file data_38.txt (compact mmCIF, C-alpha atoms)
# COMPACT_ATOMS: atom_id res chain seq x y z
CA MET O 1210 0.00 0.00 0.00
CA ARG O 1211 1.08 3.60 -0.61
CA ILE O 1212 0.61 5.85 2.41
CA ALA O 1213 1.03 9.59 2.93
CA MET O 1214 1.47 10.63 6.57
CA ILE O 1215 0.74 14.32 7.13
CA GLY O 1216 2.68 15.48 10.17
CA THR O 1217 5.98 14.18 11.57
CA GLY O 1218 5.31 14.73 15.25
CA TYR O 1219 5.16 11.91 17.76
CA VAL O 1220 2.17 10.09 16.26
CA GLY O 1221 3.01 10.73 12.62
CA LEU O 1222 6.65 9.71 12.77
CA VAL O 1223 6.07 6.56 14.85
CA SER O 1224 3.08 5.51 12.72
CA GLY O 1225 4.86 6.24 9.45
CA ALA O 1226 7.96 4.28 10.44
CA CYS O 1227 5.90 1.32 11.66
CA PHE O 1228 3.73 1.24 8.53
CA ALA O 1229 6.93 1.26 6.46
CA ASP O 1230 8.24 -1.61 8.57
CA PHE O 1231 5.06 -3.52 7.68
CA GLY O 1232 6.22 -3.28 4.05
CA HIS O 1233 4.14 -0.32 2.87
CA ASP O 1234 5.59 2.64 0.95
CA VAL O 1235 5.28 5.65 3.26
CA THR O 1236 6.02 9.33 2.70
CA CYS O 1237 5.92 11.56 5.77
CA VAL O 1238 5.06 15.19 5.05
CA ASP O 1239 5.73 18.23 7.22
CA LYS O 1240 5.81 21.98 6.55
CA ASP O 1241 8.83 22.41 8.84
CA GLU O 1242 11.76 22.43 6.40
CA LYS O 1243 14.35 22.15 9.18
CA LYS O 1244 12.64 19.05 10.59
CA ILE O 1245 12.47 17.37 7.18
CA ALA O 1246 16.12 18.22 6.49
CA ALA O 1247 17.09 16.74 9.88
CA LEU O 1248 15.11 13.56 9.15
CA HIS O 1249 16.94 13.22 5.82
CA ARG O 1250 20.18 13.39 7.82
CA GLY O 1251 18.89 10.63 10.10
CA GLU O 1252 18.26 12.97 13.04
CA ILE O 1253 15.09 12.10 14.97
CA PRO O 1254 13.31 15.12 16.51
CA ILE O 1255 11.81 13.18 19.43
CA TYR O 1256 13.16 10.61 21.86
CA GLU O 1257 11.45 7.25 21.59
CA PRO O 1258 13.37 4.01 22.24
CA GLY O 1259 14.11 2.17 18.99
CA LEU O 1260 12.67 4.83 16.68
CA ASP O 1261 16.00 5.98 15.24
CA GLU O 1262 16.91 2.42 14.17
CA LEU O 1263 13.42 1.81 12.77
CA VAL O 1264 13.52 4.99 10.68
CA ALA O 1265 17.05 4.32 9.46
CA SER O 1266 16.34 0.75 8.36
CA ASN O 1267 13.21 1.69 6.43
CA VAL O 1268 14.81 4.72 4.79
CA LYS O 1269 17.64 2.42 3.68
CA ALA O 1270 15.07 -0.05 2.30
CA LYS O 1271 13.47 2.87 0.39
CA ARG O 1272 10.08 2.28 2.03
CA LEU O 1273 10.17 5.53 4.05
CA ASP O 1274 10.75 9.06 2.77
CA PHE O 1275 10.25 12.63 3.96
CA THR O 1276 9.15 15.78 2.14
CA THR O 1277 7.64 19.24 2.63
CA ASP O 1278 5.42 18.96 -0.47
CA LEU O 1279 2.30 16.82 -0.04
CA SER O 1280 0.99 17.02 -3.61
CA LYS O 1281 2.70 13.96 -5.12
CA PRO O 1282 2.54 11.71 -2.01
CA VAL O 1283 -1.19 12.44 -1.68
CA ALA O 1284 -1.86 11.94 -5.39
CA ASP O 1285 -0.10 8.57 -5.29
CA ALA O 1286 -1.56 7.38 -1.97
CA ASP O 1287 -4.10 4.67 -1.26
CA ALA O 1288 -4.52 6.25 2.19
CA VAL O 1289 -3.62 9.66 3.60
CA PHE O 1290 -3.28 9.91 7.37
CA ILE O 1291 -3.74 13.26 9.12
CA ALA O 1292 -1.42 13.21 12.15
CA VAL O 1293 -1.00 16.90 12.94
CA GLY O 1294 -1.21 18.44 16.40
CA THR O 1295 -4.50 19.18 18.19
CA PRO O 1296 -3.33 21.21 21.21
CA SER O 1297 -5.68 22.68 23.77
CA ARG O 1298 -7.02 25.97 22.45
CA ARG O 1299 -6.09 28.99 24.50
CA GLY O 1300 -8.91 30.29 26.65
CA ASP O 1301 -11.48 27.48 26.52
CA GLY O 1302 -9.67 24.10 26.55
CA HIS O 1303 -11.23 22.92 23.27
CA ALA O 1304 -8.99 20.97 20.90
CA ASP O 1305 -7.50 23.35 18.33
CA LEU O 1306 -8.47 21.82 14.99
CA SER O 1307 -6.97 24.50 12.75
CA TYR O 1308 -4.06 22.25 11.69
CA VAL O 1309 -6.41 19.35 10.92
CA TYR O 1310 -8.70 21.50 8.77
CA ALA O 1311 -5.78 23.16 6.97
CA ALA O 1312 -4.37 19.70 6.17
CA ALA O 1313 -7.77 18.58 4.86
CA ARG O 1314 -7.92 21.53 2.43
CA GLU O 1315 -4.43 20.87 1.11
CA ILE O 1316 -5.05 17.14 0.79
CA ALA O 1317 -8.27 17.74 -1.15
CA GLN O 1318 -6.44 19.70 -3.84
CA SER O 1319 -4.06 16.81 -4.59
CA LEU O 1320 -6.34 13.76 -4.42
CA SER O 1321 -6.25 11.45 -7.44
CA GLY O 1322 -8.27 8.26 -7.74
CA PHE O 1323 -9.96 6.51 -4.84
CA THR O 1324 -8.33 7.50 -1.55
CA VAL O 1325 -9.08 6.95 2.13
CA VAL O 1326 -8.33 10.04 4.23
CA VAL O 1327 -7.81 9.02 7.84
CA THR O 1328 -7.80 11.21 10.94
CA LYS O 1329 -5.05 9.78 13.18
CA SER O 1330 -4.89 12.91 15.34
CA THR O 1331 -7.02 12.93 18.48
CA VAL O 1332 -10.07 14.95 17.46
CA PRO O 1333 -13.47 15.74 19.00
CA VAL O 1334 -16.54 13.79 17.97
CA GLY O 1335 -17.82 15.09 14.66
CA THR O 1336 -14.45 16.25 13.31
CA GLY O 1337 -14.49 13.58 10.61
CA ASP O 1338 -17.78 15.03 9.34
CA GLU O 1339 -16.17 18.46 9.00
CA VAL O 1340 -13.04 17.04 7.35
CA GLU O 1341 -15.25 15.30 4.79
CA ARG O 1342 -17.25 18.52 4.21
CA ILE O 1343 -14.03 20.51 3.66
CA ILE O 1344 -12.64 17.95 1.20
CA ARG O 1345 -15.86 17.75 -0.82
CA GLU O 1346 -16.23 21.55 -0.84
CA THR O 1347 -12.60 22.00 -1.97
CA ASN O 1348 -12.66 19.17 -4.52
CA PRO O 1349 -16.22 18.11 -5.45
CA LEU O 1350 -14.92 15.44 -7.84
CA ALA O 1351 -12.77 13.66 -5.24
CA ASP O 1352 -13.43 9.93 -4.84
CA VAL O 1353 -12.75 9.81 -1.13
CA VAL O 1354 -13.75 8.10 2.10
CA VAL O 1355 -12.97 9.86 5.38
CA ALA O 1356 -12.27 7.49 8.26
CA SER O 1357 -11.19 7.76 11.90
CA ASN O 1358 -8.28 5.69 13.22
CA PRO O 1359 -7.31 6.95 16.69
CA GLU O 1360 -3.91 6.05 18.10
CA PHE O 1361 -3.35 4.37 21.47
CA LEU O 1362 0.42 4.68 21.77
CA ARG O 1363 2.23 5.01 25.10
CA GLU O 1364 5.27 7.24 24.93
CA GLY O 1365 8.32 5.14 25.71
CA ALA O 1366 6.64 1.98 24.37
CA ALA O 1367 5.10 3.32 21.16
CA ILE O 1368 6.68 0.96 18.65
CA ARG O 1369 5.64 -2.13 20.58
CA ASP O 1370 2.15 -0.68 21.09
CA PHE O 1371 1.82 -0.06 17.35
CA LYS O 1372 3.04 -3.52 16.33
CA TYR O 1373 1.27 -5.49 19.08
CA PRO O 1374 -1.93 -3.51 19.75
CA ASP O 1375 -4.79 -4.55 21.99
CA ARG O 1376 -7.07 -3.32 19.23
CA VAL O 1377 -7.07 -1.11 16.15
CA VAL O 1378 -10.18 1.07 16.01
CA VAL O 1379 -11.35 2.15 12.55
CA GLY O 1380 -14.36 4.40 12.15
CA THR O 1381 -15.97 3.99 8.74
CA SER O 1382 -19.10 2.34 7.40
CA ASP O 1383 -17.84 2.39 3.80
CA GLU O 1384 -16.90 -1.06 2.47
CA ARG O 1385 -14.14 0.24 0.20
CA GLY O 1386 -12.69 2.16 3.14
CA ARG O 1387 -12.82 -0.94 5.32
CA LYS O 1388 -10.95 -2.96 2.73
CA VAL O 1389 -8.13 -0.41 2.40
CA MET O 1390 -7.75 -0.11 6.19
CA GLY O 1391 -7.85 -3.89 6.52
CA ASP O 1392 -5.08 -4.22 3.93
CA ILE O 1393 -2.95 -1.59 5.70
CA TYR O 1394 -3.16 -3.37 9.06
CA ARG O 1395 -3.10 -6.96 7.74
CA PRO O 1396 0.62 -7.47 8.58
CA LEU O 1397 -0.28 -7.24 12.28
CA SER O 1398 -1.47 -10.84 12.23
CA LEU O 1399 -1.08 -13.97 10.12
CA ASN O 1400 -4.75 -14.77 10.73
CA GLN O 1401 -6.76 -11.65 11.48
CA ALA O 1402 -5.55 -8.26 12.66
CA PRO O 1403 -7.29 -7.01 15.84
CA LEU O 1404 -9.43 -4.52 13.91
CA MET O 1405 -12.61 -3.10 15.39
CA PHE O 1406 -14.79 -1.35 12.81
CA THR O 1407 -17.31 1.22 14.08
CA GLU O 1408 -19.13 4.28 12.89
CA ARG O 1409 -16.80 7.28 12.54
CA ARG O 1410 -18.19 9.24 15.49
CA THR O 1411 -17.98 6.16 17.72
CA ALA O 1412 -14.28 5.77 16.90
CA GLU O 1413 -13.67 9.40 17.78
CA MET O 1414 -15.47 8.92 21.09
CA ILE O 1415 -13.55 5.73 21.94
CA LYS O 1416 -10.25 7.61 22.01
CA TYR O 1417 -11.47 10.25 24.45
CA ALA O 1418 -13.33 7.75 26.61
CA ALA O 1419 -10.24 5.52 26.89
CA ASN O 1420 -7.95 8.35 27.98
CA ALA O 1421 -10.51 9.75 30.41
CA PHE O 1422 -10.95 6.33 32.01
CA LEU O 1423 -7.21 5.78 32.41
CA ALA O 1424 -6.84 9.26 33.88
CA THR O 1425 -9.64 8.40 36.29
CA LYS O 1426 -7.82 5.24 37.45
CA ILE O 1427 -4.66 7.26 38.14
CA THR O 1428 -6.56 9.94 40.03
CA PHE O 1429 -8.52 7.36 42.02
CA ILE O 1430 -5.41 5.60 43.30
CA ASN O 1431 -3.79 8.96 44.08
CA GLU O 1432 -6.73 9.88 46.32
CA ILE O 1433 -6.60 6.45 47.96
CA ALA O 1434 -2.88 7.08 48.52
CA ASP O 1435 -3.67 10.30 50.41
CA LEU O 1436 -6.10 8.43 52.64
CA SER O 1437 -3.65 5.54 53.09
CA GLU O 1438 -1.03 7.96 54.42
CA LYS O 1439 -3.47 9.28 57.01
CA VAL O 1440 -4.71 5.90 58.23
CA GLY O 1441 -1.40 4.04 58.10
CA ALA O 1442 -2.10 1.78 55.11
CA ASN O 1443 0.26 0.96 52.23
CA VAL O 1444 -1.18 2.12 48.90
CA GLN O 1445 1.05 -0.22 46.87
CA GLU O 1446 -0.47 -3.22 48.63
CA VAL O 1447 -3.93 -1.69 48.29
CA ALA O 1448 -3.36 -1.28 44.54
CA ARG O 1449 -2.19 -4.87 44.22
CA GLY O 1450 -5.09 -6.11 46.30
CA ILE O 1451 -7.70 -4.43 44.11
CA GLY O 1452 -5.78 -4.84 40.84
CA LEU O 1453 -5.72 -8.64 41.09
CA ASP O 1454 -9.49 -8.46 40.62
CA ASN O 1455 -9.64 -8.89 36.85
CA ARG O 1456 -12.64 -6.56 36.68
CA ILE O 1457 -10.30 -3.77 37.83
CA GLY O 1458 -6.84 -4.77 36.53
CA THR O 1459 -3.39 -3.77 37.76
CA LYS O 1460 -2.46 -1.15 35.18
CA PHE O 1461 -2.60 2.59 35.92
CA LEU O 1462 -2.88 1.98 39.66
CA HIS O 1463 0.51 3.44 40.55
CA ALA O 1464 0.22 6.35 42.97
CA GLY O 1465 2.35 9.38 42.15
CA PRO O 1466 2.47 13.14 41.65
CA GLY O 1467 -0.38 13.24 39.12
CA PHE O 1468 -0.69 12.54 35.40
CA GLY O 1469 0.84 14.69 32.69
CA GLY O 1470 2.01 14.31 29.11
CA SER O 1471 0.59 15.15 25.72
CA CYS O 1472 -2.68 13.21 26.01
CA PHE O 1473 -4.45 12.90 29.36
CA PRO O 1474 -4.58 16.60 30.42
CA LYS O 1475 -5.43 17.81 26.91
CA ASP O 1476 -7.96 15.08 26.15
CA THR O 1477 -9.83 15.27 29.46
CA LYS O 1478 -10.22 19.03 28.95
CA ALA O 1479 -11.44 18.52 25.40
CA LEU O 1480 -13.91 15.81 26.43
CA ILE O 1481 -15.39 18.10 29.08
CA LYS O 1482 -15.81 20.86 26.48
CA ILE O 1483 -17.42 18.46 24.00
CA ALA O 1484 -19.91 17.42 26.70
CA GLN O 1485 -20.69 21.05 27.55
CA ASP O 1486 -21.41 21.77 23.89
CA TYR O 1487 -24.01 19.00 23.97
CA ASP O 1488 -25.39 20.06 27.38
CA VAL O 1489 -24.08 16.95 29.13
CA SER O 1490 -22.34 17.05 32.51
CA LEU O 1491 -19.29 14.79 32.92
CA ARG O 1492 -18.89 15.31 36.66
CA ILE O 1493 -16.45 12.44 37.16
CA VAL O 1494 -14.11 13.63 34.41
CA GLU O 1495 -14.37 17.23 35.65
CA SER O 1496 -13.35 16.07 39.13
CA VAL O 1497 -10.46 14.01 37.74
CA LEU O 1498 -9.02 17.08 36.03
CA ALA O 1499 -9.47 19.31 39.08
CA VAL O 1500 -8.01 16.77 41.53
CA ASN O 1501 -5.00 16.16 39.27
CA GLU O 1502 -4.19 19.87 38.95
CA ASN O 1503 -4.42 20.34 42.71
CA ARG O 1504 -2.24 17.30 43.30
CA LYS O 1505 0.64 18.59 41.19
CA ARG O 1506 0.74 21.80 43.19
CA ALA O 1507 0.53 19.89 46.47
CA MET O 1508 3.77 17.99 45.81
CA ALA O 1509 5.90 21.06 46.64
CA ARG O 1510 4.17 21.28 50.02
CA LYS O 1511 5.02 17.61 50.61
CA VAL O 1512 8.71 18.43 50.11
CA SER O 1513 8.41 21.41 52.46
CA GLN O 1514 6.84 19.24 55.17
CA ALA O 1515 9.71 16.74 54.88
CA LEU O 1516 12.07 19.60 55.78
CA GLY O 1517 10.07 20.88 58.75
CA GLY O 1518 7.72 23.24 56.90
CA SER O 1519 10.15 25.76 55.41
CA LEU O 1520 12.18 25.75 52.19
CA ARG O 1521 13.60 29.27 52.49
CA GLY O 1522 17.31 29.08 51.62
CA LYS O 1523 17.22 25.29 51.12
CA THR O 1524 18.66 23.44 48.12
CA ILE O 1525 16.40 20.80 46.56
CA ALA O 1526 17.68 18.20 44.10
CA VAL O 1527 15.10 16.97 41.58
CA LEU O 1528 15.63 13.68 39.74
CA GLY O 1529 13.48 13.33 36.63
CA LEU O 1530 11.77 16.13 34.72
CA THR O 1531 9.85 14.43 31.89
CA PHE O 1532 6.27 13.35 32.60
CA LYS O 1533 7.29 9.68 32.40
CA PRO O 1534 10.48 7.67 31.70
CA ASP O 1535 11.76 6.79 28.21
CA THR O 1536 10.58 10.04 26.63
CA ASP O 1537 11.81 13.62 26.39
CA ASP O 1538 8.25 14.98 26.56
CA MET O 1539 7.77 17.83 29.04
CA ARG O 1540 4.16 18.61 28.16
CA ASP O 1541 2.14 19.04 31.38
CA ALA O 1542 4.89 17.25 33.31
CA PRO O 1543 4.30 17.17 37.10
CA SER O 1544 7.87 18.45 37.53
CA ILE O 1545 6.85 21.89 36.22
CA PRO O 1546 4.37 22.88 38.99
CA LEU O 1547 6.54 21.06 41.54
CA VAL O 1548 9.70 23.02 40.68
CA THR O 1549 7.76 26.26 40.34
CA GLY O 1550 6.26 25.67 43.79
CA LEU O 1551 9.66 24.91 45.32
CA ILE O 1552 11.08 28.15 43.90
CA ASP O 1553 8.05 30.12 45.13
CA MET O 1554 8.77 28.78 48.62
CA GLY O 1555 12.30 30.14 48.49
CA ALA O 1556 14.24 27.01 47.49
CA LYS O 1557 17.18 26.73 45.11
CA VAL O 1558 16.54 23.87 42.69
CA LYS O 1559 19.03 21.59 40.95
CA ALA O 1560 17.83 18.96 38.50
CA PHE O 1561 18.90 16.02 36.38
CA ASP O 1562 17.01 14.06 33.73
CA PRO O 1563 18.63 11.44 31.47
CA VAL O 1564 16.96 12.73 28.30
CA GLY O 1565 14.66 15.70 28.91
CA MET O 1566 16.89 18.56 30.09
CA GLU O 1567 17.07 20.43 26.77
CA GLN O 1568 13.28 20.39 26.52
CA ALA O 1569 12.98 21.37 30.19
CA LYS O 1570 15.14 24.49 29.86
CA SER O 1571 12.41 26.44 28.09
CA GLU O 1572 9.87 25.48 30.76
CA LEU O 1573 12.19 25.80 33.77
CA PRO O 1574 14.94 28.30 32.86
CA SER O 1575 15.87 29.38 36.39
CA ILE O 1576 17.15 26.09 37.84
CA ILE O 1577 20.59 24.47 37.80
CA TYR O 1578 20.95 21.52 35.43
CA CYS O 1579 23.38 18.78 36.46
CA GLU O 1580 25.22 16.06 34.59
CA ASP O 1581 24.16 13.11 36.74
CA ALA O 1582 22.18 12.14 39.83
CA TYR O 1583 25.10 12.45 42.23
CA SER O 1584 26.24 15.92 41.17
CA CYS O 1585 22.58 16.93 41.42
CA ALA O 1586 22.37 15.64 45.00
CA GLU O 1587 25.61 17.34 46.10
CA GLY O 1588 24.88 19.82 48.89
CA ALA O 1589 21.11 19.26 48.69
CA ASP O 1590 18.86 19.45 51.74
CA ALA O 1591 16.44 17.04 50.10
CA LEU O 1592 16.37 14.80 47.04
CA VAL O 1593 13.04 14.49 45.20
CA ILE O 1594 12.41 11.61 42.77
CA VAL O 1595 9.84 12.83 40.25
CA THR O 1596 10.22 10.48 37.25
CA GLU O 1597 10.88 6.76 37.66
CA TRP O 1598 13.74 6.45 35.19
CA VAL O 1599 15.54 3.11 35.50
CA GLN O 1600 18.73 5.07 36.26
CA PHE O 1601 17.21 6.18 39.57
CA ARG O 1602 16.06 2.75 40.76
CA ALA O 1603 19.37 1.53 42.16
CA LEU O 1604 21.17 4.64 43.42
CA ASP O 1605 24.19 4.26 45.71
CA LEU O 1606 22.55 5.36 48.96
CA ASP O 1607 25.80 5.64 50.89
CA ARG O 1608 27.25 7.89 48.19
CA LEU O 1609 24.10 10.03 48.20
CA LYS O 1610 24.14 10.42 51.96
CA ALA O 1611 27.81 11.40 51.96
CA THR O 1612 27.26 14.17 49.40
CA MET O 1613 23.94 15.64 50.64
CA ALA O 1614 23.62 18.40 53.23
CA GLN O 1615 20.70 16.54 54.83
CA ALA O 1616 19.75 12.89 54.38
CA VAL O 1617 16.17 13.52 53.23
CA ILE O 1618 14.53 11.81 50.24
CA VAL O 1619 11.02 12.47 48.95
CA ASP O 1620 10.12 9.65 46.58
CA LEU O 1621 7.06 10.65 44.51
CA ARG O 1622 7.15 7.35 42.56
CA ASN O 1623 7.57 4.83 45.42
CA ILE O 1624 10.73 3.39 43.87
CA TYR O 1625 12.34 2.45 47.20
CA ARG O 1626 11.13 0.64 50.30
CA PRO O 1627 10.75 2.67 53.52
CA GLU O 1628 12.60 0.07 55.61
CA GLU O 1629 15.51 0.11 53.15
CA MET O 1630 15.81 3.89 53.38
CA GLU O 1631 15.53 3.86 57.16
CA ALA O 1632 18.37 1.31 57.37
CA ALA O 1633 20.48 3.57 55.15
CA GLY O 1634 19.93 6.47 57.54
CA PHE O 1635 17.54 8.58 55.44
CA THR O 1636 14.43 10.46 56.41
CA TYR O 1637 12.15 9.14 53.70
CA GLU O 1638 8.74 10.28 52.46
CA SER O 1639 6.82 8.52 49.69
CA ILE O 1640 3.26 8.41 48.36
CA GLY O 1641 0.57 6.61 50.34
CA ARG O 1642 2.98 4.69 52.58
CA PRO O 1643 4.40 5.14 56.10
CA SER O 1644 7.32 7.55 56.49
CA ALA O 1645 10.78 6.42 57.60
CA GLN O 1646 13.11 8.26 59.97
CA GLY O 1647 16.80 7.50 59.54

call {"tool": "encode", "arguments": {"input": "data_38.txt", "output": "structure tokens"}}
result
Amino acid sequence: MRIAMIGTGYVGLVSGACFADFGHDVTCVDKDEKKIAALHRGEIPIYEPGLDELVASNVKAKRLDFTTDLSKPVADADAVFIAVGTPSRRGDGHADLSYVYAAAREIAQSLSGFTVVVTKSTVPVGTGDEVERIIRETNPLADVVVASNPEFLREGAAIRDFKYPDRVVVGTSDERGRKVMGDIYRPLSLNQAPLMFTERRTAEMIKYAANAFLATKITFINEIADLSEKVGANVQEVARGIGLDNRIGTKFLHAGPGFGGSCFPKDTKALIKIAQDYDVSLRIVESVLAVNENRKRAMARKVSQALGGSLRGKTIAVLGLTFKPDTDDMRDAPSIPLVTGLIDMGAKVKAFDPVGMEQAKSELPSIIYCEDAYSCAEGADALVIVTEWVQFRALDLDRLKATMAQAVIVDLRNIYRPEEMEAAGFTYESIGRPSAQG
């Protein structure tokens, strides 16, 4: 199959490279000339484990190419995927669809022969209808089917998620469109790819509902963690105890500083706005968003309490800045309100992240960036673990203690065991578990 992928951001680049690896001929299109030039040089604009090798191998095999001009790739394509950004719109939280609609207009002008145009971007319910209207208005003679194919990729595990998906949701009721999408995804399975065909609006709703539900699970266990701290329970054991019930499941029950990233905050806001437009109240989702925002700000107070209630003149070392490990994504990362809160309380902040420091500098310009965890901890009154990078899971505790001004660790990801930290002589605070006094 011949595929044009419009947009070389996270979703577009991962999807394009994986489709090429399936054996399809893929051209990724982006207006950013510098990005396309960098991709031609083999430079990947995002950090995703394994993506650089995947891109390189498929470029070498001549199945993957990059360009700034969409006219020929679209004219040649069996399917054109729209994978441009849909950020939260300033002022009201709605998804900004300007890039999607602009792409639809450009695509319409270059269509030739039967083509399936697929919205891969996360878009509100009804967007596919508007994309189809724009295409038919721009090019009334176009032989086109507009489908929805939402992505369910986890940053840090995106390639595996794409190649071994739980399901592939395709929103179209057109038989020709179903056949093309079935052919594109056929390499997923020798027998039958895990495709789920729905109406277009249902597919659009599935994406938002899935992210809102996962965000709800995270927020639920975070609130249970707060209660566990007060009553003397261990939230990790609570999570395991409820997660072993297969009606609940173990995933997304890890207490922490709140969810962030490019999807959950943006998509919960957009879902709430969609519901308001249709005069429906999503009180659970509204509460999830409010609780999560409050939680991020509360993490700085947790650090202050670990140091006796005052951070004035104290040095705080922060390990991990990205919203999760194995990505350089700083969008809505819990580290941002945490560090801002620490600074507001009078602290000096040092930080280290294995991958995300360049991206963090624009968000957090007034902190000291360090070259490793130990130089970050040097002279610190407290060490705060914010992102559970594997590099932070087996730190030399004796070395840390020797270099820190005070032996205080605030573990917002529950990486270590309280009894282990107490034996090492640390005052240790975590999430939803008993404290330890070294």

call {"tool": "residues_around", "arguments": {"input": "data_38.txt", "residues": "Asp1234 in chain O", "least_positions_apart": "6", "cutoff": "8 Å", "atoms": "only C-alpha atoms", "output": "PDB file with C-alpha atoms, in the frame of the given file"}}
result
ATOM      1  CA  MET O1210       0.000   0.000   0.000  1.00  0.00           C
ATOM      2  CA  ARG O1211       1.080   3.600  -0.610  1.00  0.00           C
ATOM      3  CA  ILE O1212       0.610   5.850   2.410  1.00  0.00           C
ATOM      4  CA  PHE O1228       3.730   1.240   8.530  1.00  0.00           C
ATOM      5  CA  LYS O1271      13.470   2.870   0.390  1.00  0.00           C
ATOM      6  CA  ARG O1272      10.080   2.280   2.030  1.00  0.00           C
ATOM      7  CA  LEU O1273      10.170   5.530   4.050  1.00  0.00           C
TER       8      LEU O1273
END

call {"tool": "atom_distance", "arguments": {"input": "data_38.txt", "atom1": "CA of Pro1359 in chain O", "atom2": "CA of Val1377 in chain O"}}
result
8.1 Å

call {"tool": "closest_residue", "arguments": {"input": "data_38.txt", "among": "O:Thr1407, O:Val1379, O:Gly1588, O:His1463", "to": "Gly1641 in chain O", "atoms": "only C-alpha atoms"}}
result
O:His1463

call {"tool": "atom_distance", "arguments": {"input": "data_38.txt", "atom1": "CA of Ala1616 in chain O", "atom2": "CA of Ala1526 in chain O"}}
result
11.8 Å

call {"tool": "residues_around", "arguments": {"input": "data_38.txt", "residues": "range 1441-1452 of chain O", "least_positions_apart": "6", "cutoff": "8 Å", "atoms": "only C-alpha atoms", "output": "list in words"}}
result
Ile1430, Ile1433, Ala1434, Gly1458, Thr1459, Lys1460, Leu1462, His1463, Ala1464, Ile1640, Gly1641, Arg1642 and Pro1643 of chain O

call {"tool": "residues_around", "arguments": {"input": "data_38.txt", "residues": "Ala1614 in chain O", "least_positions_apart": "4", "cutoff": "8 Å", "atoms": "all atoms listed in the file", "output": "list in words"}}
result
Glu1587, Gly1588, Ala1589, Asp1590 and Ala1591 of chain O

call {"tool": "closest_residue", "arguments": {"input": "data_38.txt", "among": "O:Arg1602, O:Arg1410, O:Arg1456, O:Lys1475", "to": "Arg1540 in chain O", "atoms": "only C-alpha atoms"}}
result
O:Lys1475

call {"tool": "closest_residue", "arguments": {"input": "data_38.txt", "among": "O:Leu1260, O:Ala1556, O:Ala1367, O:Val1289", "to": "Val1325 in chain O", "atoms": "all atoms listed in the file"}}
result
O:Val1289

call {"tool": "closest_residue", "arguments": {"input": "data_38.txt", "among": "O:Gly1467, O:Gly1365, O:Gly1335, O:Gly1322", "to": "Asp1352 in chain O", "atoms": "only C-alpha atoms"}}
result
O:Gly1322

call {"tool": "atom_distance", "arguments": {"input": "data_38.txt", "atom1": "CA of Trp1598 in chain O", "atom2": "CA of Gly1259 in chain O"}}
result
16.8 Å

call {"tool": "closest_residue", "arguments": {"input": "data_38.txt", "among": "O:Lys1533, O:Lys1570, O:Arg1369, O:Lys1329", "to": "Ala1356 in chain O", "atoms": "only C-alpha atoms"}}
result
O:Lys1329

call {"tool": "closest_residue", "arguments": {"input": "data_38.txt", "among": "O:Thr1524, O:Ser1490, O:Thr1428, O:Ser1575", "to": "Arg1504 in chain O", "atoms": "only C-alpha atoms"}}
result
O:Thr1428

call {"tool": "residues_around", "arguments": {"input": "data_38.txt", "residues": "Pro1403 in chain O", "least_positions_apart": "6", "cutoff": "10 Å", "atoms": "all atoms listed in the file", "output": "VMD selection string"}}
result
chain O and resid 1373 to 1378 1391 1394 to 1395 1397

call {"tool": "residues_around", "arguments": {"input": "data_38.txt", "residues": "Thr1217 in chain O", "least_positions_apart": "5", "cutoff": "9 Å", "atoms": "only C-alpha atoms", "output": "PyMOL selection string"}}
result
chain O and resi 1222-1223+1225+1237-1239+1244-1245+1254+1275+1292-1293
